[in-house]
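Here the structure is laid out as structure tokens; the discussion comes afterwards.
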Amino acid sequence: METISAHGHTLSWEAHSSGERTLIFIHGYSGNRAIWNREVAQLADLGRCVTLDLPGHYPAVPPANYRRLSQDMLLTLELQAIRQIVGSGRATLIGHSTGGLVALAAAALLPEHVDRVVAIAPVVWGPLGGSLGFYQRALRRGGYPLYWLNYWLTKRSFRFIQAGIGLAYSGDARAYLRNATAEALVCAWHPTYQRNRIRNFAVLLQLLETCDIRPLARQIRQPVLVISGERDTVVPPEQAHWLAAHLPAAQLLELPNAGHVLHWEAADTVEAALRAWLTDAG
């Protein structure tokens with residue numbers, strides 16, 4: 001595991017395979033590098049697969065008294081890490097949700113280092129919808145105790161969080177709760193999730209209420225694959241449609257019956273699309 005420190009933050013990243021080509025995977029809000037275990041294993045033959053933290057998400061370390069994160073600071077930190085990972089080279093960025101926001105912004109701001117982007121249920125602008133939108137409003141109105149209680153329960157109980165993901169994030173809760181792939185990935189992700197400070201999650205969630213990368217996205221000229229779930233209540237599909245309409249080299253794949261965790265809900269379909277699109281890139 002490698003680290004980079006800047007502006008009081010320490011981010012970490014890990015290379016899982018080797019090769020001439022670099023693929024950087026960036027997780028979303030409340031995630032960690034383990035959410036990419038399946039994709040990294042499946043795509044390792046395509047090159048050097050690297051997983052990167054978001055600020056404040058363990059094992060990343062934020063500054064003391066961490067209470068605020070701006071969009072500019074989020075991007076400054078992530079872009080510095082991407083530069084360290086690629087050196088003088090280039091990479092394909094693959095991001096989910098907030099990681100998709102970072103990947104898209106990096107394509108606009110680091111065109112010399114980013115050759116392609118895969119944005120899975122990417123956040124383009126806030127506020128969010130569904131349960132996360134509810135918590136954004138609650139945090140703004142002094143509802144941190146309610147927010148804290150929910151996340152305390154999800155840290156203590158694997159079954160509680162698995163049910164919560166099914167109800168709040170998936171497009172079909174019953175199908176999700178029968179999904180062995182999703183259960184295995186949550187099992188891998190949950191121990192690291194438990195080590196996070198809940199307050200650090202709230203800092204990023206509050207930023208996502210007012211974020212907006214549309215001005216940056218309009219500058220993207222690289223090929224972009226946008227993957228969206230038709231039943232995503234957290235990041236409404238209209239954001240993926242906006243990208244498809246405004247990016248000159250964007251391709252949209254919209255999955256029926258899938259929600260916000262579509263790379264778990266429809267893992268085989270997403271991985272097949274990733275491999276086909278990345279292989280086509282040469």
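In the structure tokens, each chain is lettered A, B, ... as it comes, each chain's residues begin at 1, and ligands are numbered from 1 in order of appearance.
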
(request) Could you find all residues in segment 153-187 of chain A that DSSP calls alpha helix (DSSP H) from the backbone, and write them as number ranges by chain? (result) A: 153-156, 158-168, 173-177, 180-187

Can you list every residue of segment 119-166 of chain A that has an atom at most 8 Å from segment 89-97 of chain A, with its nearest atom pair and the distance in Å to one decimal, using only C-alpha atoms, ordered by chain then number, as CSV?
residue,atom,partner,partner_atom,distance
A:Ala119,CA,A:Gly95,CA,5.2
A:Ile120,CA,A:His96,CA,4.6
A:Ala121,CA,A:Ser97,CA,5.1
A:Pro122,CA,A:Ser97,CA,4.1
A:Val123,CA,A:Ser97,CA,5.2

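Take the candidates A:Leu54, A:Val226, A:Leu252, A:Leu46 and check each one against Gly99 of chain A using only C-alpha atoms; the shortest distance goes to A:Leu54.
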
(message) Could you list, as a ChimeraX atom specification, every residue within 12 Å of Val235 of chain A, counting only C-alpha atoms and ignoring same-chain residues fewer than 2 positions away?
(response) /A:28,96-98,100-101,120-133,168-170,208-209,227-233,237-241,259-262

(request) Can you work out which one of A:Ala267, A:Val203, A:Leu278, A:Ala103 has the shortest atom-to-atom distance to Asp45 of chain A, counting only C-alpha atoms? (result)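 With only C-alpha atoms as the atom set, the closest residue is A:Leu278.
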
(message) So that I can see what lies close to Ala188 of chain A, please list as JSON, numbers by chain the residues with an atom at most 10 Å from it, counting only C-alpha atoms and leaving out residues fewer than 3 positions away in the same chain.
(response) {"A": [32, 33, 34, 35, 36, 37, 182, 183, 184, 185, 191, 192, 193]}

(request) Enumerate the residues of segment 1-245 of chain A with a DSSP assignment of strand (DSSP E), computed from the backbone, and present them as number ranges by chain. (result) A: 2-6, 9-15, 22-26, 48-52, 91-96, 114-120, 224-229

(message) Given only C-alpha atoms as the basis, pick out the residue of A:Val40, A:Ile220, A:Leu74, A:Ile26 nearest to His7 of chain A.
(response)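 Using only C-alpha atoms, the shortest distance to His7 of chain A belongs to A:Leu74.
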
(request) Might you pull out every residue within 7 Å of segment 55-65 of chain A, with only C-alpha atoms counted and same-chain residues fewer than 4 positions away left off, and present them as a VMD selection string? (result) chain A and resid 8 to 12 30 32 192 195 to 196 200

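Atom CA of Gln42 of chain A is found 12.8 Å from atom CA of His263 of chain A.
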
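Among A:Cys49, A:Ile4, A:Ala202, A:Val234, the residue with the shortest atom-to-atom distance to Arg68 of chain A, counting only C-alpha atoms, is A:Ala202.
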
(message) Could you check the closest approach to Leu274 of chain A for each of A:Ala175, A:Leu253, A:Ala107, A:Ile198 and tell me which residue wins, using only C-alpha atoms?
(response)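 Among the listed residues, the smallest separation from Leu274 of chain A belongs to A:Leu253.
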
(message) I need the residue nearest Ala108 of chain A from this list: A:Leu247, A:Leu205, A:Pro236, A:Trp242. Use only C-alpha atoms for the distance.
(response) A:Leu247

(request) Find the residues around segment 13-18 of chain A up to 9 Å (only C-alpha atoms counted), leave out those fewer than 4 positions away in its own chain, and share them as a list in words. (result) Met1, Glu2, Thr3, Ile4, Thr22, Ile24, Arg33, Val40, Ala41, Ala44, Asp45, Leu46, Gly47, Arg48, Cys49, Val50, Thr51, Leu52, Asp53, Ala81 and Ile85 of chain A

Same residues, C-alpha atoms, saved as an mmCIF file, in the first residue's frame:
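Output contents, as saved in out16.cif:
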data_model
loop_
_atom_site.group_PDB
_atom_site.id
_atom_site.type_symbol
_atom_site.label_atom_id
_atom_site.label_comp_id
_atom_site.auth_asym_id
_atom_site.auth_seq_id
_atom_site.Cartn_x
_atom_site.Cartn_y
_atom_site.Cartn_z
ATOM 1 C CA MET A 1 0.000 0.000 0.000
ATOM 2 C CA GLU A 2 1.324 3.428 -1.002
ATOM 3 C CA THR A 3 0.366 6.770 0.549
ATOM 4 C CA ILE A 4 0.338 10.428 -0.400
ATOM 5 C CA THR A 22 -2.994 1.415 -15.710
ATOM 6 C CA ILE A 24 -7.440 3.250 -11.394
ATOM 7 C CA ARG A 33 -11.097 -0.334 -1.874
ATOM 8 C CA VAL A 40 -9.782 -6.146 -10.021
ATOM 9 C CA ALA A 41 -9.643 -9.946 -10.157
ATOM 10 C CA ALA A 44 -6.109 -7.942 -13.860
ATOM 11 C CA ASP A 45 -5.012 -9.394 -17.196
ATOM 12 C CA LEU A 46 -5.626 -5.993 -18.843
ATOM 13 C CA GLY A 47 -2.864 -4.268 -16.900
ATOM 14 C CA ARG A 48 -1.955 -2.601 -13.630
ATOM 15 C CA CYS A 49 -5.127 -2.361 -11.535
ATOM 16 C CA VAL A 50 -4.931 0.226 -8.743
ATOM 17 C CA THR A 51 -7.513 1.058 -6.071
ATOM 18 C CA LEU A 52 -7.586 4.547 -4.528
ATOM 19 C CA ASP A 53 -9.220 5.955 -1.378
ATOM 20 C CA ALA A 81 -2.891 10.943 -5.926
ATOM 21 C CA ILE A 85 0.078 6.746 -9.435
#

(message) Quick one: residues within 9 Å of Gln194 of chain A, only C-alpha atoms, excluding same-chain residues fewer than 2 positions away - as a ChimeraX atom specification?
(response) /A:152,154-156,189-192,196-197
